[in-house]
file protein37.pdb (PDB, C-alpha atoms)
ATOM      1  CA  MET A   1      23.162  37.704   2.482
ATOM      2  CA  GLU A   2      20.270  36.488   4.623
ATOM      3  CA  VAL A   3      17.776  37.714   2.023
ATOM      4  CA  LEU A   4      19.564  35.780  -0.750
ATOM      5  CA  LYS A   5      19.575  32.661   1.414
ATOM      6  CA  ARG A   6      15.833  32.951   2.020
ATOM      7  CA  ILE A   7      15.178  33.458  -1.696
ATOM      8  CA  PHE A   8      17.304  30.407  -2.526
ATOM      9  CA  ASN A   9      15.520  28.285   0.091
ATOM     10  CA  PHE A  10      12.171  29.353  -1.360
ATOM     11  CA  TYR A  11      13.474  28.408  -4.811
ATOM     12  CA  ILE A  12      14.263  24.891  -3.537
ATOM     13  CA  ASN A  13      11.329  24.397  -1.152
ATOM     14  CA  SER A  14       8.706  25.649  -3.621
ATOM     15  CA  SER A  15       9.881  23.011  -6.144
ATOM     16  CA  ILE A  16      10.962  25.547  -8.776
ATOM     17  CA  HIS A  17      14.325  23.809  -9.123
ATOM     18  CA  VAL A  18      12.872  20.332  -9.575
ATOM     19  CA  ALA A  19      10.345  21.781 -12.055
ATOM     20  CA  ILE A  20      13.180  23.217 -14.161
ATOM     21  CA  ALA A  21      14.890  19.811 -14.023
ATOM     22  CA  THR A  22      11.737  18.013 -15.186
ATOM     23  CA  CYS A  23      11.231  20.589 -17.916
ATOM     24  CA  ALA A  24      14.859  20.081 -18.981
ATOM     25  CA  LEU A  25      14.358  16.331 -19.387
ATOM     26  CA  ALA A  26      11.230  16.895 -21.484
ATOM     27  CA  TRP A  27      13.281  19.286 -23.641
ATOM     28  CA  VAL A  28      16.003  16.632 -23.945
ATOM     29  CA  THR A  29      13.363  14.282 -25.352
ATOM     30  CA  LEU A  30      12.264  16.870 -27.922
ATOM     31  CA  ILE A  31      15.880  17.330 -29.061
ATOM     32  CA  GLU A  32      16.714  13.615 -29.162
ATOM     33  CA  MET A  33      13.546  12.807 -31.088
ATOM     34  CA  ASN A  34      14.088  15.705 -33.514
ATOM     35  CA  LEU A  35      10.787  17.287 -32.509
ATOM     36  CA  LYS A  36      10.105  21.005 -32.710
ATOM     37  CA  HIS A  37      10.434  23.143 -29.601
ATOM     38  CA  ASP A  38       7.081  23.074 -27.815
ATOM     39  CA  GLN A  39       6.764  25.994 -25.392
ATOM     40  CA  ASN A  40       3.202  25.094 -24.371
ATOM     41  CA  LEU A  41       4.226  21.556 -23.464
ATOM     42  CA  LEU A  42       7.346  22.648 -21.557
ATOM     43  CA  SER A  43       5.380  25.314 -19.692
ATOM     44  CA  PHE A  44       2.763  22.738 -18.744
ATOM     45  CA  VAL A  45       5.425  20.316 -17.480
ATOM     46  CA  PHE A  46       7.030  23.116 -15.447
ATOM     47  CA  PHE A  47       3.840  24.236 -13.696
ATOM     48  CA  ALA A  48       2.473  20.698 -13.332
ATOM     49  CA  THR A  49       5.670  19.646 -11.550
ATOM     50  CA  ILE A  50       5.393  22.535  -9.090
ATOM     51  CA  THR A  51       1.722  21.724  -8.472
ATOM     52  CA  GLY A  52       2.298  17.977  -8.062
ATOM     53  CA  TYR A  53       5.439  18.150  -5.939
ATOM     54  CA  ASN A  54       4.079  20.793  -3.577
ATOM     55  CA  PHE A  55       0.818  18.886  -3.215
ATOM     56  CA  VAL A  56       2.712  15.749  -2.232
ATOM     57  CA  LYS A  57       5.195  17.540   0.046
ATOM     58  CA  TYR A  58       2.846  19.852   1.910
ATOM     59  CA  PHE A  59      -0.584  18.188   1.819
ATOM     60  CA  GLY A  60      -0.240  16.681   5.286
ATOM     61  CA  ILE A  61       1.059  19.899   6.845
ATOM     62  CA  VAL A  62      -1.589  22.145   5.294
ATOM     63  CA  LYS A  63      -4.356  19.679   6.113
ATOM     64  CA  PHE A  64      -3.721  19.784   9.848
ATOM     65  CA  HIS A  65      -2.287  23.288  10.344
ATOM     66  CA  HIS A  66      -4.121  25.457   7.843
ATOM     67  CA  ARG A  67      -4.786  28.325  10.266
ATOM     68  CA  SER A  68      -1.345  28.384  11.809
ATOM     69  CA  LEU A  69       0.809  28.077   8.688
ATOM     70  CA  ALA A  70       4.240  29.672   8.813
ATOM     71  CA  GLY A  71       4.808  32.637   6.508
ATOM     72  CA  TRP A  72       7.052  30.690   4.129
ATOM     73  CA  LEU A  73       4.509  27.881   3.829
ATOM     74  CA  LYS A  74       1.681  30.312   3.120
ATOM     75  CA  ALA A  75       3.823  31.850   0.370
ATOM     76  CA  ILE A  76       4.426  28.397  -1.136
ATOM     77  CA  GLN A  77       0.712  27.641  -0.889
ATOM     78  CA  LEU A  78      -0.188  30.790  -2.827
ATOM     79  CA  PHE A  79       2.610  30.167  -5.314
ATOM     80  CA  SER A  80       1.361  26.604  -5.858
ATOM     81  CA  LEU A  81      -2.169  27.873  -6.456
ATOM     82  CA  GLY A  82      -0.843  30.212  -9.159
ATOM     83  CA  ALA A  83       1.129  27.306 -10.659
ATOM     84  CA  PHE A  84      -2.051  25.202 -10.694
ATOM     85  CA  PHE A  85      -3.951  27.832 -12.695
ATOM     86  CA  ALA A  86      -0.996  28.200 -15.085
ATOM     87  CA  MET A  87      -0.912  24.396 -15.469
ATOM     88  CA  CYS A  88      -4.615  24.389 -16.385
ATOM     89  CA  TYR A  89      -4.075  27.217 -18.899
ATOM     90  CA  TYR A  90      -1.256  25.446 -20.728
ATOM     91  CA  GLY A  91      -2.999  22.077 -20.388
ATOM     92  CA  LEU A  92      -5.859  23.361 -22.542
ATOM     93  CA  LYS A  93      -3.333  23.942 -25.335
ATOM     94  CA  LEU A  94      -2.262  20.282 -25.438
ATOM     95  CA  GLU A  95      -3.664  17.425 -27.510
ATOM     96  CA  VAL A  96      -6.594  15.371 -26.180
ATOM     97  CA  GLU A  97      -4.488  12.182 -26.159
ATOM     98  CA  THR A  98      -1.860  13.982 -24.093
ATOM     99  CA  LEU A  99      -4.475  15.080 -21.580
ATOM    100  CA  ILE A 100      -5.588  11.458 -21.121
ATOM    101  CA  VAL A 101      -2.022  10.471 -20.176
ATOM    102  CA  ILE A 102      -1.802  13.509 -17.888
ATOM    103  CA  VAL A 103      -5.054  12.601 -16.099
ATOM    104  CA  ILE A 104      -3.648   9.132 -15.381
ATOM    105  CA  LEU A 105      -0.455  10.698 -13.984
ATOM    106  CA  GLY A 106      -2.578  13.094 -11.933
ATOM    107  CA  VAL A 107      -4.521  10.218 -10.373
ATOM    108  CA  ILE A 108      -1.273   8.421  -9.462
ATOM    109  CA  THR A 109       0.121  11.626  -7.925
ATOM    110  CA  PHE A 110      -3.115  12.118  -5.955
ATOM    111  CA  PHE A 111      -2.963   8.659  -4.411
ATOM    112  CA  TYR A 112       0.773   9.103  -3.838
ATOM    113  CA  ALA A 113      -0.135  11.750  -1.244
ATOM    114  CA  ILE A 114      -3.648  10.803  -0.078
ATOM    115  CA  PRO A 115      -4.056   7.854   2.343
ATOM    116  CA  ILE A 116      -5.839   4.872   0.803
ATOM    117  CA  MET A 117      -6.725   1.345   1.829
ATOM    118  CA  VAL A 118      -3.859  -1.007   0.937
ATOM    119  CA  PRO A 119      -3.712  -4.751   1.763
ATOM    120  CA  LYS A 120      -2.043  -5.080   5.143
ATOM    121  CA  HIS A 121       0.607  -7.593   4.019
ATOM    122  CA  TYR A 122       2.216  -4.741   2.039
ATOM    123  CA  LEU A 123       2.382  -2.452   5.065
ATOM    124  CA  PHE A 124       2.870  -2.238   8.783
ATOM    125  CA  ASP A 125      -0.220  -0.017   9.188
ATOM    126  CA  ASP A 126      -3.738  -0.109   7.754
ATOM    127  CA  HIS A 127      -4.078   3.336   6.154
ATOM    128  CA  LYS A 128      -1.216   4.668   4.044
ATOM    129  CA  ASN A 129      -0.626   6.451   0.761
ATOM    130  CA  LEU A 130       1.312   5.012  -2.161
ATOM    131  CA  ARG A 131       4.363   6.989  -1.020
ATOM    132  CA  GLN A 132       4.569   4.822   2.101
ATOM    133  CA  VAL A 133       4.059   1.404   0.533
ATOM    134  CA  SER A 134       7.197  -0.588   1.290
ATOM    135  CA  GLY A 135       9.790  -0.314  -1.467
ATOM    136  CA  LEU A 136       7.455   1.389  -3.973
ATOM    137  CA  LYS A 137       8.414   5.074  -3.662
ATOM    138  CA  VAL A 138      11.551   5.225  -5.833
ATOM    139  CA  TYR A 139      10.068   3.153  -8.675
ATOM    140  CA  LEU A 140       6.862   5.172  -8.703
ATOM    141  CA  ILE A 141       8.771   8.457  -8.944
ATOM    142  CA  ALA A 142      10.952   7.107 -11.776
ATOM    143  CA  LEU A 143       7.832   5.913 -13.614
ATOM    144  CA  ILE A 144       6.074   9.282 -13.269
ATOM    145  CA  TRP A 145       9.187  11.156 -14.486
ATOM    146  CA  MET A 146       9.527   8.753 -17.411
ATOM    147  CA  PHE A 147       5.936   9.296 -18.510
ATOM    148  CA  THR A 148       6.111  13.064 -17.954
ATOM    149  CA  THR A 149       9.390  13.654 -19.781
ATOM    150  CA  VAL A 150       9.186  11.025 -22.556
ATOM    151  CA  ILE A 151       5.681   9.695 -23.153
ATOM    152  CA  VAL A 152       3.861  13.027 -22.795
ATOM    153  CA  PRO A 153       6.083  14.837 -25.382
ATOM    154  CA  ILE A 154       5.859  11.823 -27.714
ATOM    155  CA  VAL A 155       2.062  11.598 -27.487
ATOM    156  CA  ASN A 156       1.607  15.360 -27.844
ATOM    157  CA  HIS A 157       3.581  15.312 -31.104
ATOM    158  CA  ASP A 158       1.754  12.199 -32.376
ATOM    159  CA  VAL A 159       4.985  10.214 -32.720
ATOM    160  CA  LEU A 160       4.683   6.510 -33.445
ATOM    161  CA  ILE A 161       5.838   4.335 -30.542
ATOM    162  CA  ASN A 162       8.871   2.612 -32.041
ATOM    163  CA  MET A 163      11.970   0.926 -30.620
ATOM    164  CA  ASP A 164      13.778   4.257 -30.123
ATOM    165  CA  VAL A 165      10.893   5.499 -27.975
ATOM    166  CA  VAL A 166      10.950   2.276 -25.929
ATOM    167  CA  ILE A 167      14.727   2.560 -25.441
ATOM    168  CA  THR A 168      14.509   6.253 -24.501
ATOM    169  CA  SER A 169      11.725   5.490 -22.003
ATOM    170  CA  THR A 170      13.774   2.691 -20.448
ATOM    171  CA  GLN A 171      16.837   4.942 -20.269
ATOM    172  CA  ARG A 172      14.846   7.706 -18.591
ATOM    173  CA  PHE A 173      13.383   5.326 -16.011
ATOM    174  CA  LEU A 174      16.837   3.956 -15.152
ATOM    175  CA  TYR A 175      18.417   7.418 -15.043
ATOM    176  CA  VAL A 176      15.816   8.887 -12.691
ATOM    177  CA  LEU A 177      16.084   5.758 -10.548
ATOM    178  CA  VAL A 178      19.825   6.365 -10.162
ATOM    179  CA  LEU A 179      19.248  10.053  -9.381
ATOM    180  CA  MET A 180      16.998   8.955  -6.516
ATOM    181  CA  PHE A 181      19.781   6.964  -4.841
ATOM    182  CA  PRO A 182      21.632   9.997  -3.353
ATOM    183  CA  PHE A 183      18.299  11.183  -1.919
ATOM    184  CA  GLU A 184      17.598   7.758  -0.401
ATOM    185  CA  ILE A 185      21.133   7.563   1.016
ATOM    186  CA  ARG A 186      20.702  11.067   2.513
ATOM    187  CA  ASP A 187      17.391  10.099   4.102
ATOM    188  CA  LEU A 188      18.728   6.968   5.812
ATOM    189  CA  ASN A 189      18.924   8.950   9.065
ATOM    190  CA  PHE A 190      15.285  10.066   8.797
ATOM    191  CA  ASP A 191      13.200   7.548   6.790
ATOM    192  CA  SER A 192      10.989   5.097   8.624
ATOM    193  CA  LEU A 193      12.112   1.472   8.273
ATOM    194  CA  LYS A 194       8.604   0.772   6.995
ATOM    195  CA  LEU A 195       9.510   2.469   3.701
ATOM    196  CA  ALA A 196      12.017  -0.316   2.953
ATOM    197  CA  THR A 197      14.137   1.908   0.682
ATOM    198  CA  ILE A 198      16.940   0.328  -1.332
ATOM    199  CA  PRO A 199      19.770   1.603   0.958
ATOM    200  CA  GLN A 200      17.800   0.388   4.002
ATOM    201  CA  LYS A 201      17.493  -3.098   2.539
ATOM    202  CA  ILE A 202      20.959  -3.634   1.045
ATOM    203  CA  GLY A 203      23.169  -0.848   2.429
ATOM    204  CA  VAL A 204      24.879   2.179   0.907
ATOM    205  CA  LYS A 205      27.750   0.334  -0.783
ATOM    206  CA  LYS A 206      25.528  -2.143  -2.637
ATOM    207  CA  THR A 207      23.124   0.667  -3.577
ATOM    208  CA  LYS A 208      26.004   2.521  -5.239
ATOM    209  CA  ILE A 209      27.076  -0.669  -7.045
ATOM    210  CA  ILE A 210      23.543  -1.092  -8.410
ATOM    211  CA  GLY A 211      23.592   2.585  -9.428
ATOM    212  CA  VAL A 212      26.846   2.077 -11.340
ATOM    213  CA  VAL A 213      25.386  -0.948 -13.155
ATOM    214  CA  LEU A 214      22.192   0.958 -14.031
ATOM    215  CA  LEU A 215      24.205   3.895 -15.387
ATOM    216  CA  PHE A 216      26.224   1.469 -17.525
ATOM    217  CA  VAL A 217      22.989  -0.028 -18.920
ATOM    218  CA  PHE A 218      21.646   3.512 -19.451
ATOM    219  CA  LEU A 219      24.746   4.356 -21.503
ATOM    220  CA  MET A 220      24.841   1.104 -23.504
ATOM    221  CA  LEU A 221      21.179   1.401 -24.507
ATOM    222  CA  GLU A 222      22.057   4.571 -26.413
ATOM    223  CA  PHE A 223      23.936   2.482 -29.002
ATOM    224  CA  PHE A 224      20.870   0.341 -29.754
ATOM    225  CA  LYS A 225      18.868   3.266 -31.146
ATOM    226  CA  ASP A 226      18.123   3.379 -34.859
ATOM    227  CA  GLU A 227      18.569   7.162 -35.031
ATOM    228  CA  LEU A 228      21.980   7.672 -33.475
ATOM    229  CA  THR A 229      23.788  11.014 -33.577
ATOM    230  CA  SER A 230      27.216  12.045 -32.374
ATOM    231  CA  LYS A 231      25.789  14.826 -30.199
ATOM    232  CA  SER A 232      23.427  12.461 -28.362
ATOM    233  CA  ILE A 233      26.231   9.940 -27.789
ATOM    234  CA  CYS A 234      28.564  12.649 -26.499
ATOM    235  CA  ALA A 235      25.878  14.161 -24.249
ATOM    236  CA  THR A 236      24.973  10.716 -22.858
ATOM    237  CA  LEU A 237      28.645   9.963 -22.142
ATOM    238  CA  ILE A 238      29.112  13.270 -20.324
ATOM    239  CA  ILE A 239      25.947  13.050 -18.224
ATOM    240  CA  THR A 240      26.700   9.423 -17.340
ATOM    241  CA  GLY A 241      30.158  10.381 -16.090
ATOM    242  CA  VAL A 242      28.954  13.384 -14.074
ATOM    243  CA  SER A 243      26.044  11.427 -12.587
ATOM    244  CA  LEU A 244      28.409   8.607 -11.638
ATOM    245  CA  LEU A 245      30.570  11.016  -9.630
ATOM    246  CA  PHE A 246      27.583  12.430  -7.745
ATOM    247  CA  LEU A 247      26.372   8.898  -6.981
ATOM    248  CA  LEU A 248      29.752   7.735  -5.685
ATOM    249  CA  PHE A 249      30.300  10.808  -3.485
ATOM    250  CA  SER A 250      26.829  10.690  -1.907
ATOM    251  CA  ASN A 251      26.636   9.736   1.758
ATOM    252  CA  LYS A 252      24.338   9.862   4.796
ATOM    253  CA  ASN A 253      25.915  13.098   6.021
ATOM    254  CA  GLN A 254      25.924  15.002   2.729
ATOM    255  CA  SER A 255      25.432  18.762   2.759
ATOM    256  CA  LYS A 256      21.936  20.234   2.782
ATOM    257  CA  TYR A 257      21.978  21.090  -0.927
ATOM    258  CA  TYR A 258      23.989  18.135  -2.279
ATOM    259  CA  SER A 259      20.920  16.245  -3.475
ATOM    260  CA  ALA A 260      18.271  18.975  -3.307
ATOM    261  CA  PHE A 261      20.235  21.285  -5.606
ATOM    262  CA  TRP A 262      23.279  19.663  -7.212
ATOM    263  CA  VAL A 263      21.914  16.182  -7.977
ATOM    264  CA  GLU A 264      18.623  17.772  -9.035
ATOM    265  CA  SER A 265      20.642  19.972 -11.425
ATOM    266  CA  LEU A 266      21.937  17.021 -13.470
ATOM    267  CA  PRO A 267      18.999  17.003 -15.943
ATOM    268  CA  ILE A 268      19.623  20.728 -16.496
ATOM    269  CA  ILE A 269      23.297  20.008 -17.185
ATOM    270  CA  TRP A 270      22.243  17.281 -19.648
ATOM    271  CA  LEU A 271      20.068  19.772 -21.521
ATOM    272  CA  LEU A 272      22.800  22.436 -21.558
ATOM    273  CA  VAL A 273      25.309  19.928 -22.960
ATOM    274  CA  LEU A 274      22.873  18.979 -25.739
ATOM    275  CA  LEU A 275      22.162  22.628 -26.569
ATOM    276  CA  LEU A 276      25.888  23.458 -26.675
ATOM    277  CA  LEU A 277      26.575  20.469 -28.941
ATOM    278  CA  SER A 278      23.758  21.609 -31.190
TER
END

call {"tool": "encode", "arguments": {"input": "protein37.pdb", "output": "structure tokens"}}
result
Amino acid sequence: MEVLKRIFNFYINSSIHVAIATCALAWVTLIEMNLKHDQNLLSFVFFATITGYNFVKYFGIVKFHHRSLAGWLKAIQLFSLGAFFAMCYYGLKLEVETLIVIVILGVITFFYAIPIMVPKHYLFDDHKNLRQVSGLKVYLIALIWMFTTVIVPIVNHDVLINMDVVITSTQRFLYVLVLMFPFEIRDLNFDSLKLATIPQKIGVKKTKIIGVVLLFVFLMLEFFKDELTSKSICATLIITGVSLLFLLFSNKNQSKYYSAFWVESLPIIWLLVLLLLS
């Protein structure tokens, strides 16, 4: 039992789960846009997510404690290195235009983790990374997920940016934003007040109300698309309902895996619903 627990914790801590979720959302885009299955693209998104997330999560720890790393962290470090090489391999199979978008995302991710000079009126301290700029974190993550799971697949398949693409991008941004709320509510006991997260500024109840409104907008936008199918409507209805429940039941004292596993699983559920309806 202990071995299974350690394997599961590695699965979560090494960002494999979040990588599958990101990959699932990119796959959802391919299905909704009637694009062919792109294994190279999905593989790139999977390994790029592992590389990016682990860089952001563990950069500070590795930087200062390289020689005294715990066994589990060394394993994640080696795993991330392998993911980086796999990301480069699959990246070479993508279109040049796609790589330009990816480079931009890579630069944003880099400065999300690396301390930079930011005007002091945005911060309490002089030297911080983008992750610690007051109120920016959740919107930056939603923007990166939106570009990774919508814009990158669209650009790689040379799809014209039309109103459906704009609506899908807006939906994805709003959806990821809502998925971040349970994480922000969970971290109320740990986050510095300098981060100025949404629950810190307006409280848990109002955060949930905003989440409900955003999910409603997310759902309604589906009906403004030119190419509307019954399976996409049904899948959107189901994922909206399930996501709403997870938002409403989130709290500061949620279980260890409530957000890290279950909330993070919602994009995977969305994909499975679409595949079953197909």

call {"tool": "closest_residue", "arguments": {"input": "protein37.pdb", "among": "A:Ile198, A:Ile141, A:Val273, A:Val56", "to": "Ile239 of chain A", "atoms": "all atoms listed in the file"}}
result
A:Val273

call {"tool": "residues_around", "arguments": {"input": "protein37.pdb", "residues": "Lys231 of chain A", "least_positions_apart": "5", "cutoff": "10 Å", "atoms": "all atoms listed in the file", "output": "VMD selection string"}}
result
chain A and resid 32 236 to 237 273 to 278

call {"tool": "resolve_selection", "arguments": {"input": "protein37.pdb", "expression": "the PyMOL selection byres ((chain A and resi 233) around 10)", "output": "PyMOL selection string"}}
result
chain A and resi 219-220+222-223+228-232+234-238+274

call {"tool": "atom_distance", "arguments": {"input": "protein37.pdb", "atom1": "atom CA of Val28 of chain A", "atom2": "atom CA of Trp270 of chain A"}}
result
7.6 Å

call {"tool": "closest_residue", "arguments": {"input": "protein37.pdb", "among": "A:Met87, A:Ile185, A:Leu271, A:Val45", "to": "Cys23 of chain A", "atoms": "all atoms listed in the file"}}
result
A:Val45

call {"tool": "residues_around", "arguments": {"input": "protein37.pdb", "residues": "Lys206 of chain A", "least_positions_apart": "6", "cutoff": "12 Å", "atoms": "all atoms listed in the file", "output": "list in words"}}
result
Phe181, Ile185, Ile198, Pro199, Gln200, Val212, Val213, Leu247 and Leu248 of chain A

call {"tool": "atom_distance", "arguments": {"input": "protein37.pdb", "atom1": "atom CA of Ala142 of chain A", "atom2": "atom CA of Pro267 of chain A"}}
result
13.4 Å

call {"tool": "closest_residue", "arguments": {"input": "protein37.pdb", "among": "A:Glu2, A:Asp187, A:Asp164, A:Asp38", "to": "Asp226 of chain A", "atoms": "all atoms listed in the file"}}
result
A:Asp164

call {"tool": "resolve_selection", "arguments": {"input": "protein37.pdb", "expression": "the PyMOL selection byres ((chain A and resi 146) around 10)", "output": "mmCIF file with C-alpha atoms, keeping the file's coordinate frame"}}
result
data_model
loop_
_atom_site.group_PDB
_atom_site.id
_atom_site.type_symbol
_atom_site.label_atom_id
_atom_site.label_comp_id
_atom_site.auth_asym_id
_atom_site.auth_seq_id
_atom_site.Cartn_x
_atom_site.Cartn_y
_atom_site.Cartn_z
ATOM 1 C CA THR A 22 11.737 18.013 -15.186
ATOM 2 C CA LEU A 25 14.358 16.331 -19.387
ATOM 3 C CA ALA A 26 11.230 16.895 -21.484
ATOM 4 C CA LEU A 140 6.862 5.172 -8.703
ATOM 5 C CA ILE A 141 8.771 8.457 -8.944
ATOM 6 C CA ALA A 142 10.952 7.107 -11.776
ATOM 7 C CA LEU A 143 7.832 5.913 -13.614
ATOM 8 C CA ILE A 144 6.074 9.282 -13.269
ATOM 9 C CA TRP A 145 9.187 11.156 -14.486
ATOM 10 C CA PHE A 147 5.936 9.296 -18.510
ATOM 11 C CA THR A 148 6.111 13.064 -17.954
ATOM 12 C CA THR A 149 9.390 13.654 -19.781
ATOM 13 C CA VAL A 150 9.186 11.025 -22.556
ATOM 14 C CA ILE A 151 5.681 9.695 -23.153
ATOM 15 C CA VAL A 152 3.861 13.027 -22.795
ATOM 16 C CA THR A 168 14.509 6.253 -24.501
ATOM 17 C CA SER A 169 11.725 5.490 -22.003
ATOM 18 C CA THR A 170 13.774 2.691 -20.448
ATOM 19 C CA GLN A 171 16.837 4.942 -20.269
ATOM 20 C CA ARG A 172 14.846 7.706 -18.591
ATOM 21 C CA PHE A 173 13.383 5.326 -16.011
ATOM 22 C CA LEU A 174 16.837 3.956 -15.152
ATOM 23 C CA TYR A 175 18.417 7.418 -15.043
ATOM 24 C CA VAL A 176 15.816 8.887 -12.691
ATOM 25 C CA LEU A 177 16.084 5.758 -10.548
#

call {"tool": "atom_distance", "arguments": {"input": "protein37.pdb", "atom1": "atom CA of Ser255 of chain A", "atom2": "atom CA of Thr240 of chain A"}}
result
22.2 Å

call {"tool": "axis_aligned_box", "arguments": {"input": "protein37.pdb", "around": "segment 254-258 of chain A", "padding_each_side": "5 Å", "output": "AutoDock Vina command-line options"}}
result
--center_x 23.9 --center_y 18.0 --center_z 0.3 --size_x 14.0 --size_y 16.1 --size_z 15.1

call {"tool": "residues_around", "arguments": {"input": "protein37.pdb", "residues": "Ser80 of chain A", "least_positions_apart": "5", "cutoff": "9 Å", "atoms": "all atoms listed in the file", "output": "ChimeraX atom specification"}}
result
/A:14,47,50-52,54-55,75,85

call {"tool": "residues_around", "arguments": {"input": "protein37.pdb", "residues": "Ile268 of chain A", "least_positions_apart": "3", "cutoff": "6 Å", "atoms": "all atoms listed in the file", "output": "number ranges by chain"}}
result
A: 21, 24, 265, 271

call {"tool": "closest_residue", "arguments": {"input": "protein37.pdb", "among": "A:Trp27, A:Phe110, A:Tyr90, A:Phe261", "to": "Asn9 of chain A", "atoms": "all atoms listed in the file"}}
result
A:Phe261

call {"tool": "closest_residue", "arguments": {"input": "protein37.pdb", "among": "A:Tyr53, A:Lys252, A:Thr98, A:Trp262", "to": "Val159 of chain A", "atoms": "all atoms listed in the file"}}
result
A:Thr98

call {"tool": "closest_residue", "arguments": {"input": "protein37.pdb", "among": "A:Asn162, A:Phe84, A:Glu184, A:Trp72", "to": "Arg6 of chain A", "atoms": "only C-alpha atoms"}}
result
A:Trp72

call {"tool": "residues_near_point", "arguments": {"input": "protein37.pdb", "point": "(24.4, 8.9, 4.8)", "cutoff": "7 Å", "atoms": "all atoms listed in the file", "output": "list in words"}}
result
Ile185, Arg186, Leu188, Asn189, Asn251, Lys252, Asn253 and Gln254 of chain A

call {"tool": "resolve_selection", "arguments": {"input": "protein37.pdb", "expression": "the PyMOL selection byres ((chain A and resi 33) around 9)", "output": "VMD selection string"}}
result
chain A and resid 28 to 32 34 to 35 154 164 to 165 227

call {"tool": "residues_around", "arguments": {"input": "protein37.pdb", "residues": "Tyr11 of chain A", "least_positions_apart": "4", "cutoff": "12 Å", "atoms": "only C-alpha atoms", "output": "number ranges by chain"}}
result
A: 4-7, 15-20, 50, 72, 75-76, 79, 257, 260-261

call {"tool": "write_last_selection", "arguments": {"input": "protein37.pdb", "atoms": "C-alpha atoms", "output": "compact mmCIF listing (two decimals), in the coordinates of the input"}}
result
# COMPACT_ATOMS: atom_id res chain seq x y z
CA LEU A 4 19.56 35.78 -0.75
CA LYS A 5 19.58 32.66 1.41
CA ARG A 6 15.83 32.95 2.02
CA ILE A 7 15.18 33.46 -1.70
CA SER A 15 9.88 23.01 -6.14
CA ILE A 16 10.96 25.55 -8.78
CA HIS A 17 14.32 23.81 -9.12
CA VAL A 18 12.87 20.33 -9.57
CA ALA A 19 10.34 21.78 -12.06
CA ILE A 20 13.18 23.22 -14.16
CA ILE A 50 5.39 22.54 -9.09
CA TRP A 72 7.05 30.69 4.13
CA ALA A 75 3.82 31.85 0.37
CA ILE A 76 4.43 28.40 -1.14
CA PHE A 79 2.61 30.17 -5.31
CA TYR A 257 21.98 21.09 -0.93
CA ALA A 260 18.27 18.98 -3.31
CA PHE A 261 20.24 21.28 -5.61
